[in-house]
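K.L.:
File follows, work-v7.txt with compact mmCIF, C-alpha atoms and all ligand atoms:
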# COMPACT_ATOMS: atom_id res chain seq x y z
CA MET A 27 -40.22 -68.09 53.87
CA GLN A 28 -38.94 -67.84 57.38
CA GLY A 29 -37.15 -64.85 58.80
CA PHE A 30 -38.20 -62.19 56.30
CA ASP A 31 -39.49 -58.87 57.52
CA LYS A 32 -41.98 -56.50 56.01
CA LEU A 33 -43.91 -53.57 57.33
CA SER A 34 -47.18 -54.56 58.91
CA PRO A 35 -50.26 -53.10 57.21
CA ASN A 36 -51.15 -51.32 60.45
CA GLY A 37 -47.81 -49.64 60.93
CA PHE A 38 -47.18 -51.49 64.21
CA GLY A 39 -43.71 -52.48 63.06
CA ALA A 40 -42.10 -55.38 61.28
CA LEU A 41 -44.42 -58.30 60.65
CA ARG A 42 -42.61 -61.61 60.55
CA ALA A 43 -43.93 -64.81 59.03
CA ASN A 44 -43.84 -66.35 62.47
CA SER A 45 -45.83 -63.54 64.14
CA PRO A 46 -48.70 -65.30 65.89
CA ILE A 47 -52.42 -64.77 65.82
CA LEU A 48 -53.47 -64.30 69.44
CA LEU A 49 -56.79 -65.93 70.33
CA PHE A 50 -58.15 -64.75 73.66
CA ASP A 51 -61.01 -66.04 75.82
CA SER A 52 -61.80 -66.38 79.50
CA GLY A 53 -61.49 -70.16 79.14
CA VAL A 54 -61.91 -72.91 76.55
CA GLY A 55 -64.69 -71.18 74.57
CA GLY A 56 -62.22 -69.79 72.06
CA LEU A 57 -61.47 -73.35 70.94
CA THR A 58 -64.66 -73.21 68.87
CA VAL A 59 -63.07 -70.32 66.97
CA LEU A 60 -59.66 -72.02 66.85
CA ALA A 61 -61.22 -75.10 65.22
CA GLU A 62 -62.54 -72.95 62.35
CA LEU A 63 -59.30 -71.01 62.12
CA ARG A 64 -57.32 -74.25 61.75
CA HIS A 65 -59.46 -75.25 58.76
CA ALA A 66 -59.05 -71.86 57.16
CA LEU A 67 -55.37 -71.15 57.96
CA PRO A 68 -53.62 -74.37 58.97
CA ASP A 69 -50.15 -72.76 58.77
CA ALA A 70 -50.92 -69.72 60.91
CA PRO A 71 -48.94 -69.66 64.18
CA VAL A 72 -51.34 -69.33 67.09
CA ILE A 73 -51.10 -68.45 70.76
CA TYR A 74 -54.26 -69.37 72.65
CA ALA A 75 -54.66 -67.30 75.82
CA ALA A 76 -57.21 -68.30 78.45
CA ASP A 77 -57.86 -65.93 81.34
CA MET A 78 -58.64 -68.82 83.66
CA ALA A 79 -57.90 -66.61 86.68
CA GLY A 80 -60.77 -64.37 85.55
CA LEU A 81 -63.24 -67.06 84.47
CA PRO A 82 -66.19 -66.62 84.34
CA TYR A 83 -66.54 -63.18 82.76
CA GLY A 84 -70.30 -63.46 82.41
CA THR A 85 -71.04 -62.79 86.09
CA LYS A 86 -68.64 -59.83 86.36
CA SER A 87 -69.37 -56.14 86.00
CA GLU A 88 -68.59 -54.25 82.81
CA ALA A 89 -65.77 -52.42 84.58
CA GLU A 90 -64.15 -55.63 85.78
CA VAL A 91 -64.30 -57.29 82.37
CA ALA A 92 -63.01 -54.19 80.59
CA ALA A 93 -60.11 -53.78 83.00
CA ARG A 94 -59.03 -57.42 82.71
CA VAL A 95 -59.35 -57.59 78.94
CA CYS A 96 -57.61 -54.29 78.21
CA GLY A 97 -54.85 -54.91 80.76
CA LEU A 98 -54.14 -58.48 79.71
CA LEU A 99 -54.28 -57.85 75.97
CA GLY A 100 -51.96 -54.88 76.34
CA ARG A 101 -49.38 -56.97 78.18
CA MET A 102 -49.79 -59.92 75.83
CA ALA A 103 -49.49 -57.76 72.71
CA GLU A 104 -46.26 -56.28 74.02
CA ARG A 105 -44.83 -59.65 74.92
CA TRP A 106 -45.71 -61.60 71.76
CA GLN A 107 -46.16 -58.92 69.05
CA PRO A 108 -49.10 -60.72 67.46
CA ARG A 109 -50.10 -59.85 63.88
CA LEU A 110 -53.75 -59.86 64.94
CA ILE A 111 -55.79 -60.43 68.08
CA CYS A 112 -59.08 -62.27 68.08
CA ILE A 113 -61.20 -61.75 71.18
CA ALA A 114 -62.90 -65.13 70.97
CA CYS A 115 -65.43 -64.26 73.65
CA ASN A 116 -68.79 -62.54 73.25
CA THR A 117 -68.76 -61.11 76.77
CA ALA A 118 -65.35 -59.50 76.37
CA SER A 119 -66.12 -58.31 72.84
CA THR A 120 -69.52 -56.75 73.52
CA ILE A 121 -68.03 -54.88 76.51
CA ALA A 122 -64.45 -54.05 75.55
CA LEU A 123 -63.89 -54.37 71.80
CA GLY A 124 -64.00 -50.61 71.23
CA MET A 125 -61.65 -49.90 74.13
CA VAL A 126 -59.11 -52.49 73.02
CA ARG A 127 -59.17 -51.13 69.47
CA GLU A 128 -58.46 -47.67 70.80
CA VAL A 129 -55.32 -48.66 72.65
CA LEU A 130 -53.75 -51.35 70.44
CA GLU A 131 -52.49 -50.61 66.96
CA ILE A 132 -53.06 -54.04 65.50
CA PRO A 133 -56.15 -55.56 63.91
CA ILE A 134 -58.61 -56.75 66.56
CA VAL A 135 -61.34 -59.17 65.54
CA GLY A 136 -64.24 -59.47 67.95
CA THR A 137 -66.93 -62.05 68.47
CA VAL A 138 -70.45 -60.70 68.49
CA PRO A 139 -73.79 -62.51 68.70
CA ALA A 140 -74.84 -63.91 65.32
CA ILE A 141 -78.20 -62.08 65.31
CA LYS A 142 -77.94 -61.04 61.65
CA PRO A 143 -77.72 -64.58 60.20
CA ALA A 144 -80.32 -65.84 62.68
CA ALA A 145 -82.77 -63.14 61.57
CA ALA A 146 -82.26 -64.24 57.97
CA MET A 147 -82.94 -67.87 58.87
CA THR A 148 -85.95 -67.78 61.17
CA LYS A 149 -89.31 -68.75 59.69
CA THR A 150 -91.43 -68.25 62.81
CA GLY A 151 -89.84 -64.86 63.53
CA VAL A 152 -88.92 -65.93 67.07
CA ILE A 153 -85.21 -66.21 67.84
CA GLY A 154 -83.69 -67.42 71.09
CA LEU A 155 -80.38 -66.02 72.26
CA LEU A 156 -78.31 -67.85 74.85
CA GLY A 157 -75.45 -65.86 76.32
CA THR A 158 -73.84 -64.88 79.57
CA GLU A 159 -75.59 -62.55 81.98
CA ALA A 160 -73.21 -59.77 81.02
CA THR A 161 -73.59 -60.25 77.26
CA ILE A 162 -77.37 -60.22 77.13
CA ARG A 163 -77.61 -56.84 78.87
CA GLN A 164 -75.16 -55.03 76.55
CA ALA A 165 -76.16 -52.09 74.38
CA TYR A 166 -74.12 -53.84 71.68
CA VAL A 167 -76.82 -56.54 71.59
CA ASP A 168 -79.62 -53.93 71.62
CA ASN A 169 -78.01 -52.32 68.60
CA LEU A 170 -77.67 -55.61 66.70
CA GLU A 171 -81.31 -56.38 67.46
CA ALA A 172 -82.45 -52.95 66.29
CA GLU A 173 -80.37 -53.16 63.12
CA PHE A 174 -81.05 -56.74 62.02
CA ALA A 175 -84.02 -58.13 63.93
CA ALA A 176 -86.37 -55.20 64.51
CA ASP A 177 -89.21 -57.11 62.85
CA LYS A 178 -88.48 -60.32 64.81
CA ARG A 179 -88.87 -61.33 68.39
CA LEU A 180 -85.54 -61.89 70.15
CA LEU A 181 -85.76 -63.77 73.45
CA ARG A 182 -82.55 -63.40 75.45
CA GLN A 183 -81.66 -65.94 78.10
CA ALA A 184 -78.68 -65.84 80.45
CA ALA A 185 -77.18 -69.30 80.76
CA PRO A 186 -74.20 -69.05 83.12
CA GLY A 187 -74.45 -72.77 83.95
CA LEU A 188 -73.47 -73.62 80.40
CA VAL A 189 -70.06 -71.94 80.73
CA GLU A 190 -69.17 -74.12 83.70
CA ALA A 191 -70.70 -77.18 82.00
CA ALA A 192 -68.59 -76.63 78.86
CA GLU A 193 -65.41 -76.17 80.91
CA ALA A 194 -66.20 -79.34 82.87
CA LYS A 195 -67.00 -81.35 79.75
CA LEU A 196 -63.68 -80.49 78.14
CA ALA A 197 -61.75 -81.18 81.33
CA GLY A 198 -63.39 -84.62 81.41
CA ARG A 199 -65.56 -84.03 84.46
CA GLY A 200 -69.29 -83.81 84.86
CA ASP A 201 -72.28 -84.22 82.64
CA ALA A 202 -73.66 -81.16 80.85
CA ASN A 203 -77.23 -82.39 80.42
CA GLY A 204 -78.60 -80.89 83.66
CA ALA A 205 -77.29 -77.41 82.88
CA VAL A 206 -78.46 -77.63 79.27
CA GLY A 207 -81.92 -78.78 80.35
CA GLU A 208 -82.20 -75.83 82.74
CA ALA A 209 -81.10 -73.24 80.19
CA VAL A 210 -83.42 -74.53 77.47
CA ALA A 211 -86.38 -74.78 79.86
CA ALA A 212 -85.87 -71.16 80.93
CA LEU A 213 -85.67 -70.01 77.31
CA ARG A 214 -88.77 -71.95 76.29
CA ALA A 215 -90.67 -70.63 79.33
CA GLN A 216 -90.43 -67.03 78.09
CA PRO A 217 -93.56 -65.70 76.38
CA GLY A 218 -93.35 -66.91 72.76
CA GLY A 219 -90.61 -69.38 73.65
CA GLU A 220 -92.47 -72.35 72.19
CA ARG A 221 -92.23 -70.73 68.71
CA ILE A 222 -88.44 -70.41 68.70
CA ASP A 223 -86.99 -72.03 65.57
CA THR A 224 -83.49 -70.48 65.66
CA VAL A 225 -81.13 -70.10 68.60
CA VAL A 226 -78.07 -67.86 68.63
CA LEU A 227 -75.23 -69.35 70.65
CA ALA A 228 -73.94 -65.98 71.87
CA CYS A 229 -71.09 -67.32 73.96
CA THR A 230 -68.13 -69.11 72.45
CA HIS A 231 -68.39 -71.82 75.10
CA PHE A 232 -71.83 -72.94 73.95
CA PRO A 233 -70.99 -74.63 70.62
CA LEU A 234 -68.92 -77.01 72.76
CA LEU A 235 -72.35 -78.26 73.97
CA ARG A 236 -73.94 -78.28 70.52
CA GLU A 237 -75.03 -81.92 70.64
CA GLU A 238 -76.62 -81.59 74.07
CA LEU A 239 -78.34 -78.32 73.10
CA GLN A 240 -79.62 -79.74 69.82
CA ALA A 241 -81.02 -82.79 71.61
CA GLU A 242 -82.79 -80.62 74.17
CA LEU A 243 -84.13 -78.04 71.72
CA GLY A 244 -85.13 -80.56 69.07
CA SER A 245 -83.74 -81.19 65.60
CA GLU A 246 -86.06 -78.62 63.99
CA VAL A 247 -84.33 -75.74 65.82
CA ALA A 248 -81.33 -74.23 64.00
CA LEU A 249 -78.31 -73.31 66.12
CA VAL A 250 -76.22 -70.37 64.92
CA ASP A 251 -72.82 -69.23 66.12
CA GLY A 252 -70.21 -66.85 64.78
CA ALA A 253 -67.10 -69.04 64.61
CA GLN A 254 -66.99 -69.52 60.84
CA GLY A 255 -67.62 -65.86 60.19
CA ILE A 256 -64.79 -64.90 62.53
CA ALA A 257 -62.39 -67.28 60.79
CA ARG A 258 -63.37 -65.75 57.43
CA ARG A 259 -62.71 -62.26 58.82
CA ILE A 260 -59.25 -63.31 60.02
CA VAL A 261 -58.49 -64.86 56.62
CA HIS A 262 -59.50 -61.60 54.96
CA LEU A 263 -57.40 -59.42 57.26
CA THR A 264 -54.31 -61.61 56.81
CA ARG A 265 -54.79 -62.24 53.08
CA ASN A 266 -51.43 -60.64 52.18
CA ASP A 267 -49.49 -62.23 55.03
CA ASP A 268 -46.99 -65.07 54.92
CA PHE A 269 -47.13 -67.71 57.63
CA ALA A 270 -44.35 -69.90 58.97
CA ARG A 271 -44.48 -71.50 62.37
CA GLY A 272 -41.20 -70.66 64.12
CA GLU A 273 -42.01 -72.70 67.23
CA PRO A 274 -44.82 -74.98 68.33
CA ASP A 275 -48.12 -73.26 69.09
CA ARG A 276 -48.90 -72.81 72.77
CA ALA A 277 -51.80 -72.24 75.12
CA VAL A 278 -51.29 -69.83 77.97
CA THR A 279 -53.30 -69.56 81.16
CA THR A 280 -53.47 -66.78 83.71
CA GLY A 281 -54.46 -69.37 86.33
CA PRO A 282 -52.65 -72.33 87.89
CA LEU A 283 -50.94 -74.59 85.37
CA ALA A 284 -51.91 -77.81 87.14
CA ALA A 285 -55.64 -77.25 86.58
CA PHE A 286 -55.01 -76.15 82.98
CA GLU A 287 -53.20 -79.38 82.26
CA ALA A 288 -56.46 -81.32 82.59
CA LEU A 289 -57.24 -79.75 79.22
CA ALA A 290 -54.07 -81.07 77.55
CA PRO A 291 -55.87 -83.69 75.39
CA VAL A 292 -58.32 -81.10 74.11
CA PHE A 293 -55.56 -78.65 73.18
CA ALA A 294 -53.59 -81.48 71.58
CA ALA A 295 -56.61 -82.26 69.41
CA HIS A 296 -56.39 -78.62 68.21
CA GLY A 297 -52.65 -78.91 67.46
CA ILE A 298 -51.37 -77.33 70.69
CA ASP A 299 -49.04 -79.41 72.83
CA ARG A 300 -47.39 -76.71 74.95
CA LEU A 301 -49.32 -75.39 77.92
CA VAL A 302 -47.72 -72.59 79.93
CA GLN A 303 -48.56 -69.99 82.55
CA PHE A 304 -48.69 -66.29 81.70
N1 LIG A 401 -66.71 -67.50 76.32
C1 LIG A 401 -67.25 -66.31 76.85
C2 LIG A 401 -68.26 -65.71 75.87
O1 LIG A 401 -68.19 -65.94 74.69
C3 LIG A 401 -67.88 -66.29 78.22
C4 LIG A 401 -67.56 -67.23 79.27
C5 LIG A 401 -67.46 -66.55 80.64
O2 LIG A 401 -68.49 -66.27 81.28
O3 LIG A 401 -66.32 -66.31 81.01
O4 LIG A 401 -69.11 -64.94 76.27
Could you write out this file's structure as structure tokens?
P.N.:
Amino acid sequence: MQGFDKLSPNGFGALRANSPILLFDSGVGGLTVLAELRHALPDAPVIYAADMAGLPYGTKSEAEVAARVCGLLGRMAERWQPRLICIACNTASTIALGMVREVLEIPIVGTVPAIKPAAAMTKTGVIGLLGTEATIRQAYVDNLEAEFAADKRLLRQAAPGLVEAAEAKLAGRGDANGAVGEAVAALRAQPGGERIDTVVLACTHFPLLREELQAELGSEVALVDGAQGIARRIVHLTRNDDFARGEPDRAVTTGPLAAFEALAPVFAAHGIDRLVQF
């Protein structure tokens, strides 16, 4: 079914079977979403974009993150005409999802902290939330808490060290245990922290450290992230689409290619063999 054209459901223009899904993150965190997307839609062409020149987002101001995300996604959408963009980053989504939706006329799927499922799971009523500094202070998170966890206790903990630890782990350098130990100790030290039975991984980088986090938190603590839900949302939004890969999938970095190439084995394990610079 290659080469056919039909009107895209959003009126953006002709949607071709080889139109990619664009997955965007500041770094490798979006791979946790890509892994779920591969299970759900193995034939969907994908471009993975990592804003390595802007990493980390979590320590930046709202204005900086919004400017980078809106500017880059605008240029990328024009260049690649994706059928859909997934902002596979909680920081970028909680800050800029609304702005991106206003300026781009294609479906945009965001990644927001999985507070709703966590609230349904907790037995003790105490939920931990690990995210970046920027994510945990967003009104978006306040609103999710008010809507879904008003009768629970939500303990938010910034864990910037885990972003770097996840990047290092995937690039084959460093040991994440120190950073994980620090983040978990800080979370547990909050009033009520000892009663946490459910932890929201509110940064797409953190499921890359799932084993280390589970070991540190204990097997009785449930870890919740949004990756499967995001993949389901993408499946739903593309349910009438045809997919045919016109060229091999690629991963694109805004930073230097040489450093990105350390991640080649990890991308290869996700079906991406071409790494290029934006
Ligand atoms: N992966 C991003 C997230 O989900 C954040 C990493 C960063 O600080 O750049 O929040």
K.L.:
Please give me, as number ranges by chain, the residues lying within 8 Å of ligand LIG 401 (chain A) when counting all atoms listed in the file.
P.N.:
A: 51-56, 80-85, 114-118, 137, 157-158, 161, 186, 189, 228-232
K.L.:
Include C-alpha atoms and write out the residues we just selected as an mmCIF file, keeping the file's coordinate frame.
P.N.:
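What landed in result34.cif:
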data_model
loop_
_atom_site.group_PDB
_atom_site.id
_atom_site.type_symbol
_atom_site.label_atom_id
_atom_site.label_comp_id
_atom_site.auth_asym_id
_atom_site.auth_seq_id
_atom_site.Cartn_x
_atom_site.Cartn_y
_atom_site.Cartn_z
ATOM 1 C CA ASP A 51 -61.010 -66.040 75.820
ATOM 2 C CA SER A 52 -61.800 -66.380 79.500
ATOM 3 C CA GLY A 53 -61.490 -70.160 79.140
ATOM 4 C CA VAL A 54 -61.910 -72.910 76.550
ATOM 5 C CA GLY A 55 -64.690 -71.180 74.570
ATOM 6 C CA GLY A 56 -62.220 -69.790 72.060
ATOM 7 C CA GLY A 80 -60.770 -64.370 85.550
ATOM 8 C CA LEU A 81 -63.240 -67.060 84.470
ATOM 9 C CA PRO A 82 -66.190 -66.620 84.340
ATOM 10 C CA TYR A 83 -66.540 -63.180 82.760
ATOM 11 C CA GLY A 84 -70.300 -63.460 82.410
ATOM 12 C CA THR A 85 -71.040 -62.790 86.090
ATOM 13 C CA ALA A 114 -62.900 -65.130 70.970
ATOM 14 C CA CYS A 115 -65.430 -64.260 73.650
ATOM 15 C CA ASN A 116 -68.790 -62.540 73.250
ATOM 16 C CA THR A 117 -68.760 -61.110 76.770
ATOM 17 C CA ALA A 118 -65.350 -59.500 76.370
ATOM 18 C CA THR A 137 -66.930 -62.050 68.470
ATOM 19 C CA GLY A 157 -75.450 -65.860 76.320
ATOM 20 C CA THR A 158 -73.840 -64.880 79.570
ATOM 21 C CA THR A 161 -73.590 -60.250 77.260
ATOM 22 C CA PRO A 186 -74.200 -69.050 83.120
ATOM 23 C CA VAL A 189 -70.060 -71.940 80.730
ATOM 24 C CA ALA A 228 -73.940 -65.980 71.870
ATOM 25 C CA CYS A 229 -71.090 -67.320 73.960
ATOM 26 C CA THR A 230 -68.130 -69.110 72.450
ATOM 27 C CA HIS A 231 -68.390 -71.820 75.100
ATOM 28 C CA PHE A 232 -71.830 -72.940 73.950
#
K.L.:
Just checking: using all atoms listed in the file, which residue out of A:Val135, A:Arg236, A:Ala185, A:Thr224 ends up closest to Ala212 of chain A?
P.N.:
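With all atoms listed in the file as the atom set, the closest residue is A:Ala185.
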K.L.:
To one decimal place, how far is atom CA of Ala145 of chain A from atom CA of Lys86 of chain A in Å?
P.N.:
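Taking atom CA of Ala145 of chain A as the start and atom CA of Lys86 of chain A as the end point, the length is 28.7 Å.
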K.L.:
Compare A:Val95, A:Ala277, A:Val226, A:Leu263 by their minimum atom-to-atom distance to Arg300 of chain A, counting all atoms listed in the file, and give me the closest one.
P.N.:
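Smallest separation from Arg300 of chain A among the options: A:Ala277.
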K.L.:
Env of Thr280 of chain A: 7 Å cut, atoms = only C-alpha atoms, seq-sep filter 3 positions within chain, self excluded. Answer as a PDB file with C-alpha atoms, keeping the file's coordinate frame.
P.N.:
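Result file is part_26.pdb:
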ATOM      1  CA  ALA A  76     -57.210 -68.300  78.450  1.00  0.00           C
ATOM      2  CA  ASP A  77     -57.860 -65.930  81.340  1.00  0.00           C
ATOM      3  CA  MET A  78     -58.640 -68.820  83.660  1.00  0.00           C
ATOM      4  CA  ALA A  79     -57.900 -66.610  86.680  1.00  0.00           C
ATOM      5  CA  GLN A 303     -48.560 -69.990  82.550  1.00  0.00           C
ATOM      6  CA  PHE A 304     -48.690 -66.290  81.700  1.00  0.00           C
TER       7      PHE A 304
END
K.L.:
Kindly indicate which residue among A:Ser45, A:Ala294, A:Leu63, A:Gly100 lies nearest to Ile256 of chain A, using all atoms listed in the file for the distances.
P.N.:
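Of the candidates, the smallest distance to Ile256 of chain A is held by A:Leu63.
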K.L.:
With distances taken over only C-alpha atoms, which residue among A:Pro291, A:Gly218, A:Pro71, A:Gly207 lies nearest Leu239 of chain A?
P.N.:
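Smallest separation from Leu239 of chain A among the options: A:Gly207.
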K.L.:
Using all atoms listed in the file, which of A:Val129, A:Leu110, A:Arg42, A:Glu287 sits nearest Thr264 of chain A?
P.N.:
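Selected residue with least distance to Thr264 of chain A: A:Leu110.
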K.L.:
What does the distance from atom CA of Met147 of chain A to atom CA of Glu208 of chain A come to in Å, to one decimal?
P.N.:
25.2 Å
K.L.:
What does the distance between atom CA of Thr279 of chain A and atom CA of Ala75 of chain A come to in Å, to one decimal place?
P.N.:
6.0 Å
K.L.:
For Ala160 of chain A, which of A:Arg109, A:His65, A:Arg221, A:Arg182 is the closest residue, counting all atoms listed in the file?
P.N.:
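Once distances to Ala160 of chain A are computed over all atoms listed in the file, the minimum belongs to A:Arg182.
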K.L.:
Within 6 Å of (-55.6, -65.1, 70.7) in the file's own coordinates, which protein, DNA or RNA residues have an atom, counting all atoms listed in the file? List them as a PyMOL selection string.
P.N.:
chain A and resi 47-50+73-75+111-112
K.L.:
Assuming the input is short of atoms at segment 177-203 of chain A, produce N, CA and C atoms for that part as a CSV table (one decimal), in the coordinates of the input.
P.N.:
chain,number,residue,atom,x,y,z
A,177,ASP,N,-87.9,-56.5,63.2
A,177,ASP,CA,-89.2,-57.1,62.8
A,177,ASP,C,-89.4,-58.5,63.4
A,178,LYS,N,-88.4,-59.0,64.2
A,178,LYS,CA,-88.5,-60.3,64.8
A,178,LYS,C,-88.6,-60.2,66.3
A,179,ARG,N,-88.8,-61.3,66.9
A,179,ARG,CA,-88.9,-61.3,68.4
A,179,ARG,C,-87.6,-62.0,68.9
A,180,LEU,N,-86.8,-61.3,69.7
A,180,LEU,CA,-85.5,-61.9,70.2
A,180,LEU,C,-85.7,-62.2,71.6
A,181,LEU,N,-85.6,-63.4,72.0
A,181,LEU,CA,-85.8,-63.8,73.4
A,181,LEU,C,-84.4,-64.1,74.0
A,182,ARG,N,-83.9,-63.2,74.9
A,182,ARG,CA,-82.6,-63.4,75.4
A,182,ARG,C,-82.6,-64.2,76.7
A,183,GLN,N,-81.7,-65.1,76.9
A,183,GLN,CA,-81.7,-65.9,78.1
A,183,GLN,C,-80.2,-66.1,78.6
A,184,ALA,N,-80.0,-65.6,79.8
A,184,ALA,CA,-78.7,-65.8,80.4
A,184,ALA,C,-78.5,-67.3,80.8
A,185,ALA,N,-77.4,-67.9,80.5
A,185,ALA,CA,-77.2,-69.3,80.8
A,185,ALA,C,-75.8,-69.5,81.4
A,186,PRO,N,-75.5,-69.0,82.6
A,186,PRO,CA,-74.2,-69.0,83.1
A,186,PRO,C,-73.8,-70.5,83.4
A,187,GLY,N,-74.8,-71.4,83.7
A,187,GLY,CA,-74.4,-72.8,84.0
A,187,GLY,C,-73.8,-73.5,82.8
A,188,LEU,N,-74.0,-73.0,81.6
A,188,LEU,CA,-73.5,-73.6,80.4
A,188,LEU,C,-72.0,-73.4,80.3
A,189,VAL,N,-71.5,-72.2,80.8
A,189,VAL,CA,-70.1,-71.9,80.7
A,189,VAL,C,-69.3,-73.0,81.6
A,190,GLU,N,-69.8,-73.2,82.8
A,190,GLU,CA,-69.2,-74.1,83.7
A,190,GLU,C,-69.3,-75.5,83.1
A,191,ALA,N,-70.5,-75.8,82.5
A,191,ALA,CA,-70.7,-77.2,82.0
A,191,ALA,C,-69.7,-77.5,80.8
A,192,ALA,N,-69.5,-76.4,80.0
A,192,ALA,CA,-68.6,-76.6,78.9
A,192,ALA,C,-67.1,-76.8,79.3
A,193,GLU,N,-66.8,-76.0,80.3
A,193,GLU,CA,-65.4,-76.2,80.9
A,193,GLU,C,-65.3,-77.6,81.5
A,194,ALA,N,-66.3,-78.0,82.2
A,194,ALA,CA,-66.2,-79.3,82.9
A,194,ALA,C,-66.2,-80.5,81.8
A,195,LYS,N,-67.0,-80.3,80.8
A,195,LYS,CA,-67.0,-81.4,79.8
A,195,LYS,C,-65.6,-81.5,79.1
A,196,LEU,N,-65.0,-80.4,78.8
A,196,LEU,CA,-63.7,-80.5,78.1
A,196,LEU,C,-62.6,-81.0,79.1
A,197,ALA,N,-62.8,-80.7,80.4
A,197,ALA,CA,-61.8,-81.2,81.3
A,197,ALA,C,-62.1,-82.6,81.7
A,198,GLY,N,-63.1,-83.2,81.1
A,198,GLY,CA,-63.4,-84.6,81.4
A,198,GLY,C,-64.1,-84.9,82.7
A,199,ARG,N,-64.8,-83.8,83.2
A,199,ARG,CA,-65.6,-84.0,84.5
A,199,ARG,C,-67.0,-83.6,84.2
A,200,GLY,N,-67.9,-84.3,84.8
A,200,GLY,CA,-69.3,-83.8,84.9
A,200,GLY,C,-70.1,-84.1,83.6
A,201,ASP,N,-71.4,-83.9,83.7
A,201,ASP,CA,-72.3,-84.2,82.6
A,201,ASP,C,-73.0,-82.9,82.4
A,202,ALA,N,-73.1,-82.5,81.2
A,202,ALA,CA,-73.7,-81.2,80.8
A,202,ALA,C,-75.2,-81.2,80.8
A,203,ASN,N,-75.8,-82.3,80.7
A,203,ASN,CA,-77.2,-82.4,80.4
A,203,ASN,C,-78.1,-81.6,81.4
